[in-house]
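Novice: The file below is input_36.txt, compact mmCIF, C-alpha atoms and all ligand atoms:
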# COMPACT_ATOMS: atom_id res chain seq x y z
CA MET A 1417 6.44 -10.69 -37.37
CA SER A 1418 8.18 -10.60 -34.02
CA ASN A 1419 11.94 -10.61 -33.64
CA PHE A 1420 11.71 -11.29 -29.93
CA ARG A 1421 14.74 -12.93 -28.37
CA VAL A 1422 15.89 -14.17 -24.96
CA ASP A 1423 19.42 -13.28 -23.88
CA TYR A 1424 21.01 -14.94 -20.88
CA GLU A 1425 23.92 -13.45 -19.02
CA THR A 1426 26.97 -15.68 -19.64
CA ARG A 1427 27.91 -16.19 -15.97
CA LEU A 1428 24.34 -17.08 -15.01
CA VAL A 1429 24.28 -19.83 -17.66
CA GLU A 1430 27.72 -21.10 -16.64
CA GLU A 1431 26.90 -21.15 -12.94
CA ALA A 1432 23.59 -22.96 -13.44
CA VAL A 1433 25.22 -25.62 -15.64
CA LEU A 1434 28.09 -26.16 -13.19
CA ARG A 1435 25.62 -26.46 -10.30
CA VAL A 1436 23.38 -29.01 -11.99
CA MET A 1437 26.16 -31.22 -13.36
CA PRO A 1438 27.62 -33.01 -10.30
CA GLY A 1439 26.51 -36.63 -10.17
CA ARG A 1440 24.84 -36.66 -13.58
CA PRO A 1441 25.71 -39.50 -16.01
CA GLU A 1442 27.01 -36.96 -18.56
CA GLU A 1443 29.38 -35.36 -16.05
CA GLY A 1444 32.53 -37.18 -17.25
CA ALA A 1445 32.02 -36.24 -20.89
CA PHE A 1446 31.15 -32.68 -19.89
CA ARG A 1447 34.31 -32.20 -17.79
CA GLN A 1448 36.54 -33.70 -20.48
CA ALA A 1449 35.14 -31.48 -23.24
CA ARG A 1450 35.29 -28.44 -20.96
CA ASP A 1451 38.93 -29.08 -19.99
CA HIS A 1452 39.85 -29.09 -23.68
CA LEU A 1453 38.67 -25.50 -24.00
CA TYR A 1454 41.47 -24.33 -21.70
CA GLU A 1455 43.90 -25.32 -24.40
CA LEU A 1456 42.72 -22.50 -26.65
CA GLY A 1457 45.50 -19.91 -26.65
CA ASP A 1458 43.63 -16.75 -27.62
CA PRO A 1459 41.72 -15.42 -24.54
CA ASP A 1460 38.82 -13.95 -26.55
CA GLU A 1461 38.43 -17.11 -28.55
CA ARG A 1462 38.55 -19.15 -25.31
CA ASP A 1463 35.87 -17.00 -23.61
CA GLN A 1464 33.66 -17.32 -26.66
CA ALA A 1465 34.15 -21.10 -26.73
CA PHE A 1466 33.19 -21.41 -23.05
CA CYS A 1467 30.15 -19.24 -23.60
CA THR A 1468 28.96 -21.37 -26.55
CA PHE A 1469 29.77 -24.61 -24.70
CA HIS A 1470 27.81 -23.69 -21.55
CA GLY A 1471 24.95 -22.36 -23.67
CA GLN A 1472 24.67 -25.69 -25.47
CA TRP A 1473 24.62 -27.62 -22.18
CA PHE A 1474 22.11 -25.19 -20.73
CA GLN A 1475 19.75 -26.09 -23.60
CA ARG A 1476 20.56 -29.80 -23.44
CA LEU A 1477 19.86 -29.97 -19.70
CA GLY A 1478 16.49 -28.27 -20.24
CA LEU A 1479 17.36 -25.32 -17.98
CA CYS A 1480 15.71 -22.85 -20.38
CA GLN A 1481 12.44 -24.82 -20.31
CA PRO A 1482 10.48 -22.97 -17.57
CA LEU A 1483 11.21 -19.62 -19.17
CA GLU A 1484 10.23 -20.80 -22.67
CA GLU A 1485 7.05 -22.36 -21.31
CA THR A 1486 5.92 -19.29 -19.38
CA LEU A 1487 6.76 -16.89 -22.21
CA ALA A 1488 4.65 -19.04 -24.53
CA GLU A 1489 1.73 -18.90 -22.06
CA ARG A 1490 1.55 -15.08 -22.42
CA PRO A 1491 2.01 -14.31 -26.13
CA ILE A 1492 1.65 -10.58 -25.41
CA LEU A 1493 5.14 -10.63 -23.90
CA SER A 1494 6.91 -11.60 -27.11
CA GLN A 1495 4.49 -9.60 -29.26
CA GLU A 1496 4.84 -6.33 -27.39
CA THR A 1497 8.48 -6.42 -26.32
CA GLN A 1498 11.65 -7.09 -28.25
CA ARG A 1499 13.77 -8.88 -25.77
CA CYS A 1500 13.94 -10.67 -22.43
CA ALA A 1501 17.33 -10.18 -20.78
CA VAL A 1502 17.98 -12.71 -18.02
CA VAL A 1503 20.66 -11.66 -15.55
CA ARG A 1504 21.98 -13.02 -12.30
CA ALA A 1505 20.27 -11.95 -9.06
CA ARG A 1506 22.42 -11.81 -5.97
CA SER A 1507 19.59 -12.55 -3.55
CA LYS A 1508 16.11 -14.04 -3.53
CA LYS A 1509 14.73 -10.58 -2.86
CA GLU A 1510 16.20 -9.26 -6.11
CA GLU A 1511 14.50 -11.95 -8.20
CA GLY A 1512 11.74 -10.72 -10.48
CA ALA A 1513 10.85 -9.11 -13.78
CA GLU A 1514 10.76 -5.47 -14.83
CA LEU A 1515 9.59 -3.76 -17.98
CA PHE A 1516 12.01 -1.33 -19.58
CA VAL A 1517 10.71 1.26 -22.00
CA SER A 1518 13.35 2.98 -24.07
CA PRO A 1519 12.95 6.70 -24.76
CA ASP A 1520 13.95 5.81 -28.31
CA PRO A 1521 10.76 4.36 -29.90
CA ALA A 1522 12.81 2.27 -32.35
CA ALA A 1523 14.48 0.48 -29.43
CA GLY A 1524 11.05 -0.38 -28.00
CA ARG A 1525 10.36 -2.26 -24.81
CA SER A 1526 12.21 -5.08 -23.14
CA ILE A 1527 11.81 -7.34 -20.13
CA GLY A 1528 14.57 -7.53 -17.53
CA LEU A 1529 14.50 -10.74 -15.54
CA GLN A 1530 16.72 -11.31 -12.52
CA LEU A 1531 17.18 -14.88 -11.29
CA ARG A 1532 19.62 -16.68 -9.02
CA PRO A 1533 21.46 -19.61 -10.67
CA GLU A 1534 20.06 -21.99 -8.03
CA SER A 1535 16.50 -21.00 -9.00
CA LEU A 1536 17.11 -22.40 -12.47
CA LEU A 1537 17.57 -25.79 -10.80
CA GLU A 1538 14.12 -25.75 -9.17
CA PRO A 1539 11.72 -25.83 -12.15
CA VAL A 1540 8.49 -26.08 -10.13
CA GLN A 1541 9.19 -23.02 -7.95
CA LEU A 1542 10.63 -21.19 -10.95
CA LEU A 1543 7.44 -21.73 -12.97
CA GLY A 1544 5.46 -20.19 -10.10
CA LEU A 1545 7.74 -17.18 -9.85
CA LEU A 1546 7.80 -16.57 -13.61
CA ARG A 1547 4.04 -16.89 -14.01
CA HIS A 1548 3.44 -14.32 -11.30
CA GLU A 1549 6.09 -11.91 -12.56
CA PHE A 1550 5.06 -12.26 -16.19
CA LEU A 1551 1.44 -11.52 -15.39
CA HIS A 1552 2.60 -8.21 -13.87
CA ILE A 1553 4.42 -7.48 -17.14
CA ALA A 1554 1.43 -8.61 -19.24
CA ASP A 1555 -0.80 -6.18 -17.27
CA MET A 1556 1.68 -3.37 -17.92
CA LEU A 1557 1.55 -4.16 -21.65
CA THR A 1558 -2.27 -4.34 -21.80
CA PRO A 1559 -3.64 -0.89 -22.71
CA GLU A 1560 -6.95 -1.47 -20.84
CA PHE A 1561 -5.07 -1.93 -17.58
CA GLY A 1562 -3.76 1.64 -17.92
CA TYR A 1563 -0.49 1.10 -16.10
CA GLU A 1564 1.62 4.09 -15.10
CA PRO A 1565 5.14 3.54 -13.77
CA GLU A 1566 4.92 6.51 -11.39
CA LEU A 1567 2.36 6.50 -8.60
CA HIS A 1568 0.56 9.84 -9.01
CA VAL A 1569 -0.70 10.46 -5.47
CA PRO A 1570 -0.31 13.49 -3.20
CA GLU A 1571 0.83 11.43 -0.21
CA GLU A 1572 4.45 11.76 0.83
CA GLY A 1573 6.87 9.95 3.09
CA MET A 1574 5.39 7.22 5.28
CA ALA A 1575 1.89 7.71 3.95
CA ARG A 1576 3.16 7.25 0.41
CA ARG A 1577 4.89 4.01 1.34
CA LEU A 1578 1.64 2.85 2.85
CA VAL A 1579 -0.25 3.56 -0.39
CA GLN A 1580 2.49 1.80 -2.39
CA ASP A 1581 2.33 -1.22 -0.13
CA ARG A 1582 -1.47 -1.45 -0.41
CA TYR A 1583 -1.25 -1.03 -4.19
CA ARG A 1584 1.24 -3.90 -4.40
CA VAL A 1585 -1.01 -6.12 -2.25
CA LEU A 1586 -4.06 -5.34 -4.41
CA TRP A 1587 -2.24 -6.01 -7.66
CA ASP A 1588 -0.71 -9.25 -6.32
CA THR A 1589 -4.17 -10.34 -5.17
CA THR A 1590 -5.66 -9.89 -8.66
CA ILE A 1591 -2.65 -11.64 -10.21
CA ASP A 1592 -2.70 -14.72 -8.03
CA GLY A 1593 -6.49 -14.95 -8.29
CA ARG A 1594 -6.20 -15.11 -12.08
CA LEU A 1595 -3.37 -17.65 -11.89
CA VAL A 1596 -5.44 -19.93 -9.64
CA ARG A 1597 -8.41 -19.72 -12.04
CA GLU A 1598 -6.14 -20.56 -14.97
CA GLY A 1599 -4.85 -23.59 -13.07
CA HIS A 1600 -1.39 -22.01 -12.97
CA ALA A 1601 -1.17 -21.61 -9.21
CA PRO A 1602 -2.32 -23.89 -6.37
CA GLU A 1603 -5.50 -23.09 -4.39
CA ARG A 1604 -3.47 -22.57 -1.19
CA VAL A 1605 -2.11 -19.30 -2.64
CA ARG A 1606 -5.46 -17.80 -1.72
CA LEU A 1607 -4.83 -18.05 2.02
CA ARG A 1608 -1.39 -16.50 1.74
CA ARG A 1609 -2.80 -13.57 -0.23
CA LEU A 1610 -5.66 -13.17 2.23
CA GLN A 1611 -3.13 -12.86 5.07
CA ASP A 1612 -1.26 -10.16 3.12
CA PHE A 1613 -4.54 -8.41 2.41
CA ALA A 1614 -5.58 -8.49 6.08
CA ARG A 1615 -2.26 -6.92 7.09
CA ALA A 1616 -2.59 -4.15 4.48
CA PHE A 1617 -6.30 -3.41 5.00
CA PRO A 1618 -7.07 -3.69 8.73
CA MET A 1619 -9.53 -0.79 8.38
CA LEU A 1620 -11.97 -3.04 6.50
CA GLY A 1621 -12.78 -4.95 9.67
CA PRO A 1622 -15.63 -7.45 9.19
CA GLU A 1623 -15.85 -6.56 5.46
CA LEU A 1624 -12.32 -7.75 4.78
CA GLU A 1625 -12.95 -11.18 3.20
CA HIS A 1626 -15.80 -9.92 1.08
CA HIS A 1627 -13.58 -7.23 -0.46
CA PHE A 1628 -10.61 -9.55 -0.76
CA ALA A 1629 -12.81 -11.81 -2.91
CA ARG A 1630 -13.64 -8.85 -5.13
CA TYR A 1631 -9.97 -8.64 -6.09
CA PHE A 1632 -9.00 -12.30 -5.95
CA ASP A 1633 -12.06 -13.76 -7.71
CA GLN A 1634 -12.82 -11.14 -10.34
CA ALA A 1635 -10.95 -10.03 -13.45
CA ASN A 1636 -10.54 -6.77 -15.33
CA HIS A 1637 -9.08 -4.59 -12.60
CA ARG A 1638 -7.38 -1.42 -13.74
CA HIS A 1639 -4.38 0.42 -12.46
CA ALA A 1640 -6.35 3.59 -11.60
CA GLN A 1641 -8.91 1.62 -9.54
CA LEU A 1642 -6.17 -0.13 -7.62
CA VAL A 1643 -4.53 3.23 -6.85
CA CYS A 1644 -7.87 4.62 -5.72
CA CYS A 1645 -8.48 1.73 -3.35
CA ALA A 1646 -4.89 1.87 -2.09
CA ARG A 1647 -5.33 5.54 -1.14
CA ASP A 1648 -8.71 5.40 0.56
CA PRO A 1649 -9.98 1.83 0.83
CA VAL A 1650 -13.10 2.62 2.85
CA GLN A 1651 -14.37 5.21 0.38
CA ALA A 1652 -13.28 3.25 -2.72
CA LEU A 1653 -15.15 0.19 -1.49
CA GLY A 1654 -18.28 2.18 -0.54
CA LEU A 1655 -18.03 1.52 3.19
CA GLU A 1656 -18.17 5.12 4.34
CA ASP A 1657 -21.70 4.89 5.72
CA ALA A 1658 -20.82 1.78 7.68
CA VAL A 1659 -17.76 3.35 9.27
CA ASP A 1660 -18.47 6.40 11.38
CA ARG A 1661 -15.06 6.98 12.91
CA HIS A 1662 -12.17 8.80 11.28
CA CYS A 1663 -8.58 8.58 12.40
CA PRO A 1664 -7.33 12.00 13.54
CA LEU A 1665 -3.90 11.34 11.98
CA CYS A 1666 -4.52 9.99 8.49
CA THR A 1667 -8.10 11.39 8.48
CA PHE A 1668 -9.31 8.19 6.80
CA PRO A 1669 -12.33 6.26 8.10
CA SER A 1670 -11.49 2.94 9.69
CA TYR A 1671 -13.09 -0.06 11.39
CA ASN A 1672 -9.91 -0.78 13.19
CA PHE A 1673 -8.62 1.50 15.95
CA GLU A 1674 -5.81 0.94 18.39
CA PRO A 1675 -7.64 -0.66 21.34
CA ASP A 1676 -5.77 1.12 24.18
CA PRO A 1677 -4.19 4.28 22.77
CA GLU A 1678 -3.48 5.61 26.28
CA ASP A 1679 -1.20 2.64 26.88
CA LEU A 1680 1.05 3.40 23.89
CA PRO A 1681 4.70 3.76 24.95
CA PRO A 1682 5.61 7.39 25.76
CA VAL A 1683 8.41 7.37 23.17
CA LEU A 1684 5.88 6.46 20.48
CA VAL A 1685 3.46 9.17 21.66
CA ARG A 1686 6.28 11.74 21.50
CA GLN A 1687 7.11 10.64 17.95
CA ILE A 1688 3.50 11.04 16.89
CA GLN A 1689 3.26 14.44 18.63
CA ALA A 1690 6.38 15.58 16.79
CA HIS A 1691 4.24 15.37 13.63
CA PHE A 1692 0.84 16.12 15.20
CA PRO A 1693 1.46 18.50 18.15
CA ALA A 1694 -2.24 18.76 19.03
CA TRP A 1695 -2.77 15.02 19.19
CA HIS A 1696 -3.36 13.25 22.48
CA PRO A 1697 -3.72 9.46 22.95
CA ALA A 1698 -7.29 9.99 24.14
CA HIS A 1699 -8.15 11.22 20.61
CA GLY A 1700 -7.50 7.71 19.34
CA ILE A 1701 -5.44 6.46 16.42
CA CYS A 1702 -6.22 3.91 13.73
CA ARG A 1703 -4.38 0.61 13.92
CA GLN A 1704 -2.54 1.29 10.69
CA CYS A 1705 -1.17 4.67 11.78
CA ALA A 1706 -0.10 3.16 15.12
CA ASP A 1707 1.65 0.33 13.27
CA LEU A 1708 3.37 2.84 11.02
CA TYR A 1709 4.89 4.59 14.01
CA ARG A 1710 5.81 1.26 15.61
CA SER A 1711 7.75 0.31 12.49
CA ARG A 1712 9.26 3.73 11.82
CA LYS A 1713 12.63 2.21 10.99
CA GLU A 1714 10.96 0.38 8.16
CA TYR A 1715 9.02 3.35 6.87
CA ALA A 1716 11.31 6.27 7.70
ZN ZN B 1801 3.79 -9.43 -7.50
ZN ZN B 1802 -4.80 6.67 10.72
Is it possible to express this structure as structure tokens?
Specialist:
Amino acid sequence: MSNFRVDYETRLVEEAVLRVMPGRPEEGAFRQARDHLYELGDPDERDQAFCTFHGQWFQRLGLCQPLEETLAERPILSQETQRCAVVRARSKKEEGAELFVSPDPAAGRSIGLQLRPESLLEPVQLLGLLRHEFLHIADMLTPEFGYEPELHVPEEGMARRLVQDRYRVLWDTTIDGRLVREGHAPERVRLRRLQDFARAFPMLGPELEHHFARYFDQANHRHAQLVCCARDPVQALGLEDAVDRHCPLCTFPSYNFEPDPEDLPPVLVRQIQAHFPAWHPAHGICRQCADLYRSRKEYA
């Protein structure tokens, strides 16, 4: 029924094979056979021969195994897309999967996966990365999740980045929680996610762990709910009655205010007043807004 296929970029395959080969018992035979290919006179024929040769060794060395295994764990990926294109990432930060939806319905959807060649040599870490990334893609492909590629929120600039960051943290929390329950991620992932969550949701104060558990330990979250909570966590989580103080900048209720706003550096106060001329440190500022201004370079 499905004509799903995995395509690897030629240079990624070649680089991974060349990296894994040194010191292996097959290395001599590999080098000898590879050297022979240089004897082919026609450049196109030679390129094709190298491509086939490295592809065969890639298979033989089991380098395609983590990808095959993780694709098989989420059948929706091969059922609902036509192709997984694996290309070379230049940095660790670039590594990850994306879903591409062609405007031409006949061309359908495909997965773009960026990996560094060295990652193909670390199967345990690679399995972890692929499982996390592929669950993002599986959510996008599941109609009930209701994914939308554009974040439809009125916030702009720094505030928008803040909502995007909280959304990412919420989604990652639900993903890693599911992976731990499936036995596909170690228990210690929980602590790392909780730290991320605490950084993104300081306004939850003493309620933080309780609400973290709601995302980490429960299933069936939807895109729209995550967006809602990312925009106004206190209201989305029903904490409004418990929190009686609103930040004069973002106007959102918060448990967590900057402890000594009058001690903020004058340069920071001037930056805030450039946006909010009527604001004075004595009016207070929530921790998250203060942090936003502290890290302006990051959020500008
Ligand atoms: Zn993620
Ligand atoms: Zn604020």
Novice: Per residue of chain A within 7 Å of ligand ZN 1801 (chain B), record the nearest atom pair and its distance in Å to one decimal, counting only C-alpha atoms and all ligand atoms, with rows in chain order and ascending residue number, as JSON lines.
Specialist:
{"residue": "A:His1548", "atom": "CA", "partner": "B:ZN1801", "partner_atom": "ZN", "distance": 6.2}
{"residue": "A:Glu1549", "atom": "CA", "partner": "B:ZN1801", "partner_atom": "ZN", "distance": 6.1}
{"residue": "A:His1552", "atom": "CA", "partner": "B:ZN1801", "partner_atom": "ZN", "distance": 6.6}
{"residue": "A:Arg1584", "atom": "CA", "partner": "B:ZN1801", "partner_atom": "ZN", "distance": 6.8}
{"residue": "A:Trp1587", "atom": "CA", "partner": "B:ZN1801", "partner_atom": "ZN", "distance": 6.9}
{"residue": "A:Asp1588", "atom": "CA", "partner": "B:ZN1801", "partner_atom": "ZN", "distance": 4.7}
Novice: Could you pull the residues within 10 Å of range 1537-1546 of chain A, counting all atoms listed in the file, minus those fewer than 3 positions along the same chain, as a ChimeraX atom specification?
Specialist: /A:1432-1433,1435-1436,1478-1483,1485-1487,1511-1513,1529,1531-1534,1549-1552,1595,1600-1602
Novice: Around ligand ZN 1802 (chain B), which protein and nucleic acid residues have at least one atom no more than 12 Å from it, if we count only C-alpha atoms and all ligand atoms? List them as a VMD selection string.
Specialist: chain A and resid 1574 to 1575 1578 1617 to 1619 1647 to 1648 1661 to 1674 1688 1692 1699 to 1709
Novice: If you measure from CA of Val1650 in chain A to CA of Leu1620 in chain A, what distance in Å do you get, rounded to one decimal?
Specialist: 6.8 Å
Novice: As an exercise, work out the distance from CA of Arg1547 in chain A to CA of Glu1510 in chain A in Å and give it to one decimal place.
Specialist: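 CA of Glu1510 in chain A lies at a distance of 16.4 Å from CA of Arg1547 in chain A.
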Novice: As a PyMOL selection string, please: the residues near Arg1421 in chain A (cut-off 7 Å, all atoms listed in the file, same-chain neighbours under 6 positions excluded).
Specialist: chain A and resi 1498-1500
Novice: Taking into account only C-alpha atoms, which residue in the set A:Leu1642, A:Leu1680, A:Ala1488, A:Ala1449 is nearest to Gly1562 in chain A?
Specialist: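 Ranking A:Leu1642, A:Leu1680, A:Ala1488, A:Ala1449 by distance to Gly1562 in chain A, first place goes to A:Leu1642.
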Novice: So how far away is CA of Phe1561 in chain A from CA of Asn1636 in chain A, in Å?
Specialist: 7.6 Å
Novice: Using only the atoms of range 1581-1593 of chain A listed in the file, plus 4 Å on each side, state the axis-aligned box centre and edge lengths in Å rounded to one decimal, as lines of an AutoDock Vina configuration file.
Specialist:
center_x = -2.1
center_y = -8.0
center_z = -5.2
size_x = 16.8
size_y = 21.9
size_z = 18.1
Novice: Name the closest residue to Pro1565 in chain A among the candidates A:Ala1635, A:Ala1640, A:Ile1591, A:Ala1629; distances are taken between atoms, counting all atoms listed in the file.
Specialist: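 Looking only at the distances to Pro1565 in chain A, the closest residue turns out to be A:Ala1640.
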Novice: For all heavy atoms, please extract range 1438-1449 of chain A from the block and return it as a PDB file, in the first residue's frame.
Specialist:
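Heads up, here's the output in decode.pdb:
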ATOM      1  N   PRO A1438      38.132   2.828  10.150  1.00  0.00           N
ATOM      2  CA  PRO A1438      39.486   2.629  10.675  1.00  0.00           C
ATOM      3  C   PRO A1438      39.543   1.633  11.826  1.00  0.00           C
ATOM      4  O   PRO A1438      38.769   1.728  12.781  1.00  0.00           O
ATOM      5  CB  PRO A1438      39.899   4.033  11.147  1.00  0.00           C
ATOM      6  CG  PRO A1438      39.114   4.963  10.287  1.00  0.00           C
ATOM      7  CD  PRO A1438      37.796   4.262  10.048  1.00  0.00           C
ATOM      8  N   GLY A1439      40.441   0.657  11.698  1.00  0.00           N
ATOM      9  CA  GLY A1439      40.660  -0.328  12.750  1.00  0.00           C
ATOM     10  C   GLY A1439      39.741  -1.526  12.703  1.00  0.00           C
ATOM     11  O   GLY A1439      39.887  -2.466  13.478  1.00  0.00           O
ATOM     12  N   ARG A1440      38.784  -1.533  11.760  1.00  0.00           N
ATOM     13  CA  ARG A1440      37.890  -2.694  11.682  1.00  0.00           C
ATOM     14  C   ARG A1440      38.560  -3.813  10.897  1.00  0.00           C
ATOM     15  O   ARG A1440      39.392  -3.554  10.024  1.00  0.00           O
ATOM     16  CB  ARG A1440      36.572  -2.311  10.973  1.00  0.00           C
ATOM     17  CG  ARG A1440      35.705  -1.364  11.786  1.00  0.00           C
ATOM     18  CD  ARG A1440      34.400  -1.149  11.075  1.00  0.00           C
ATOM     19  NE  ARG A1440      33.580  -2.348  11.139  1.00  0.00           N
ATOM     20  CZ  ARG A1440      32.554  -2.495  11.972  1.00  0.00           C
ATOM     21  NH1 ARG A1440      32.208  -1.511  12.781  1.00  0.00           N
ATOM     22  NH2 ARG A1440      31.866  -3.606  11.989  1.00  0.00           N
ATOM     23  N   PRO A1441      38.213  -5.087  11.187  1.00  0.00           N
ATOM     24  CA  PRO A1441      38.855  -6.203  10.477  1.00  0.00           C
ATOM     25  C   PRO A1441      38.634  -6.132   8.955  1.00  0.00           C
ATOM     26  O   PRO A1441      39.502  -6.565   8.191  1.00  0.00           O
ATOM     27  CB  PRO A1441      38.200  -7.448  11.083  1.00  0.00           C
ATOM     28  CG  PRO A1441      37.076  -6.978  11.937  1.00  0.00           C
ATOM     29  CD  PRO A1441      37.307  -5.541  12.249  1.00  0.00           C
ATOM     30  N   GLU A1442      37.521  -5.551   8.524  1.00  0.00           N
ATOM     31  CA  GLU A1442      37.243  -5.507   7.077  1.00  0.00           C
ATOM     32  C   GLU A1442      37.971  -4.364   6.377  1.00  0.00           C
ATOM     33  O   GLU A1442      37.833  -4.206   5.157  1.00  0.00           O
ATOM     34  CB  GLU A1442      35.740  -5.294   6.806  1.00  0.00           C
ATOM     35  CG  GLU A1442      34.782  -6.121   7.601  1.00  0.00           C
ATOM     36  CD  GLU A1442      34.276  -5.417   8.854  1.00  0.00           C
ATOM     37  OE1 GLU A1442      35.115  -4.800   9.560  1.00  0.00           O
ATOM     38  OE2 GLU A1442      33.071  -5.496   9.138  1.00  0.00           O
ATOM     39  N   GLU A1443      38.720  -3.553   7.126  1.00  0.00           N
ATOM     40  CA  GLU A1443      39.257  -2.334   6.550  1.00  0.00           C
ATOM     41  C   GLU A1443      40.122  -2.582   5.311  1.00  0.00           C
ATOM     42  O   GLU A1443      39.994  -1.881   4.296  1.00  0.00           O
ATOM     43  CB  GLU A1443      40.059  -1.540   7.591  1.00  0.00           C
ATOM     44  CG  GLU A1443      40.403  -0.148   7.089  1.00  0.00           C
ATOM     45  CD  GLU A1443      41.252   0.650   8.093  1.00  0.00           C
ATOM     46  OE1 GLU A1443      41.597   0.124   9.165  1.00  0.00           O
ATOM     47  OE2 GLU A1443      41.550   1.811   7.768  1.00  0.00           O
ATOM     48  N   GLY A1444      40.980  -3.620   5.361  1.00  0.00           N
ATOM     49  CA  GLY A1444      41.879  -3.902   4.237  1.00  0.00           C
ATOM     50  C   GLY A1444      41.094  -4.174   2.967  1.00  0.00           C
ATOM     51  O   GLY A1444      41.349  -3.560   1.918  1.00  0.00           O
ATOM     52  N   ALA A1445      40.130  -5.078   3.070  1.00  0.00           N
ATOM     53  CA  ALA A1445      39.319  -5.443   1.906  1.00  0.00           C
ATOM     54  C   ALA A1445      38.553  -4.232   1.386  1.00  0.00           C
ATOM     55  O   ALA A1445      38.435  -4.010   0.174  1.00  0.00           O
ATOM     56  CB  ALA A1445      38.342  -6.558   2.285  1.00  0.00           C
ATOM     57  N   PHE A1446      38.049  -3.429   2.311  1.00  0.00           N
ATOM     58  CA  PHE A1446      37.300  -2.225   1.942  1.00  0.00           C
ATOM     59  C   PHE A1446      38.179  -1.265   1.138  1.00  0.00           C
ATOM     60  O   PHE A1446      37.809  -0.810   0.059  1.00  0.00           O
ATOM     61  CB  PHE A1446      36.788  -1.543   3.221  1.00  0.00           C
ATOM     62  CG  PHE A1446      36.210  -0.169   3.018  1.00  0.00           C
ATOM     63  CD1 PHE A1446      34.912   0.005   2.571  1.00  0.00           C
ATOM     64  CD2 PHE A1446      36.988   0.967   3.271  1.00  0.00           C
ATOM     65  CE1 PHE A1446      34.373   1.272   2.381  1.00  0.00           C
ATOM     66  CE2 PHE A1446      36.462   2.245   3.081  1.00  0.00           C
ATOM     67  CZ  PHE A1446      35.171   2.398   2.634  1.00  0.00           C
ATOM     68  N   ARG A1447      39.379  -0.976   1.657  1.00  0.00           N
ATOM     69  CA  ARG A1447      40.278  -0.016   0.983  1.00  0.00           C
ATOM     70  C   ARG A1447      40.652  -0.519  -0.408  1.00  0.00           C
ATOM     71  O   ARG A1447      40.680   0.243  -1.366  1.00  0.00           O
ATOM     72  CB  ARG A1447      41.563   0.204   1.786  1.00  0.00           C
ATOM     73  CG  ARG A1447      41.324   0.745   3.175  1.00  0.00           C
ATOM     74  CD  ARG A1447      41.385   2.273   3.221  1.00  0.00           C
ATOM     75  NE  ARG A1447      40.993   2.737   4.554  1.00  0.00           N
ATOM     76  CZ  ARG A1447      40.257   3.799   4.807  1.00  0.00           C
ATOM     77  NH1 ARG A1447      39.814   4.560   3.805  1.00  0.00           N
ATOM     78  NH2 ARG A1447      39.957   4.142   6.040  1.00  0.00           N
ATOM     79  N   GLN A1448      40.948  -1.819  -0.494  1.00  0.00           N
ATOM     80  CA  GLN A1448      41.373  -2.391  -1.766  1.00  0.00           C
ATOM     81  C   GLN A1448      40.260  -2.258  -2.808  1.00  0.00           C
ATOM     82  O   GLN A1448      40.489  -1.789  -3.916  1.00  0.00           O
ATOM     83  CB  GLN A1448      41.695  -3.865  -1.545  1.00  0.00           C
ATOM     84  CG  GLN A1448      42.798  -4.347  -2.452  1.00  0.00           C
ATOM     85  CD  GLN A1448      43.193  -5.773  -2.091  1.00  0.00           C
ATOM     86  OE1 GLN A1448      42.423  -6.521  -1.450  1.00  0.00           O
ATOM     87  NE2 GLN A1448      44.380  -6.168  -2.510  1.00  0.00           N
ATOM     88  N   ALA A1449      39.052  -2.634  -2.410  1.00  0.00           N
ATOM     89  CA  ALA A1449      37.921  -2.566  -3.352  1.00  0.00           C
ATOM     90  C   ALA A1449      37.643  -1.115  -3.732  1.00  0.00           C
ATOM     91  O   ALA A1449      37.334  -0.788  -4.880  1.00  0.00           O
ATOM     92  CB  ALA A1449      36.677  -3.199  -2.720  1.00  0.00           C
TER      93      ALA A1449
END
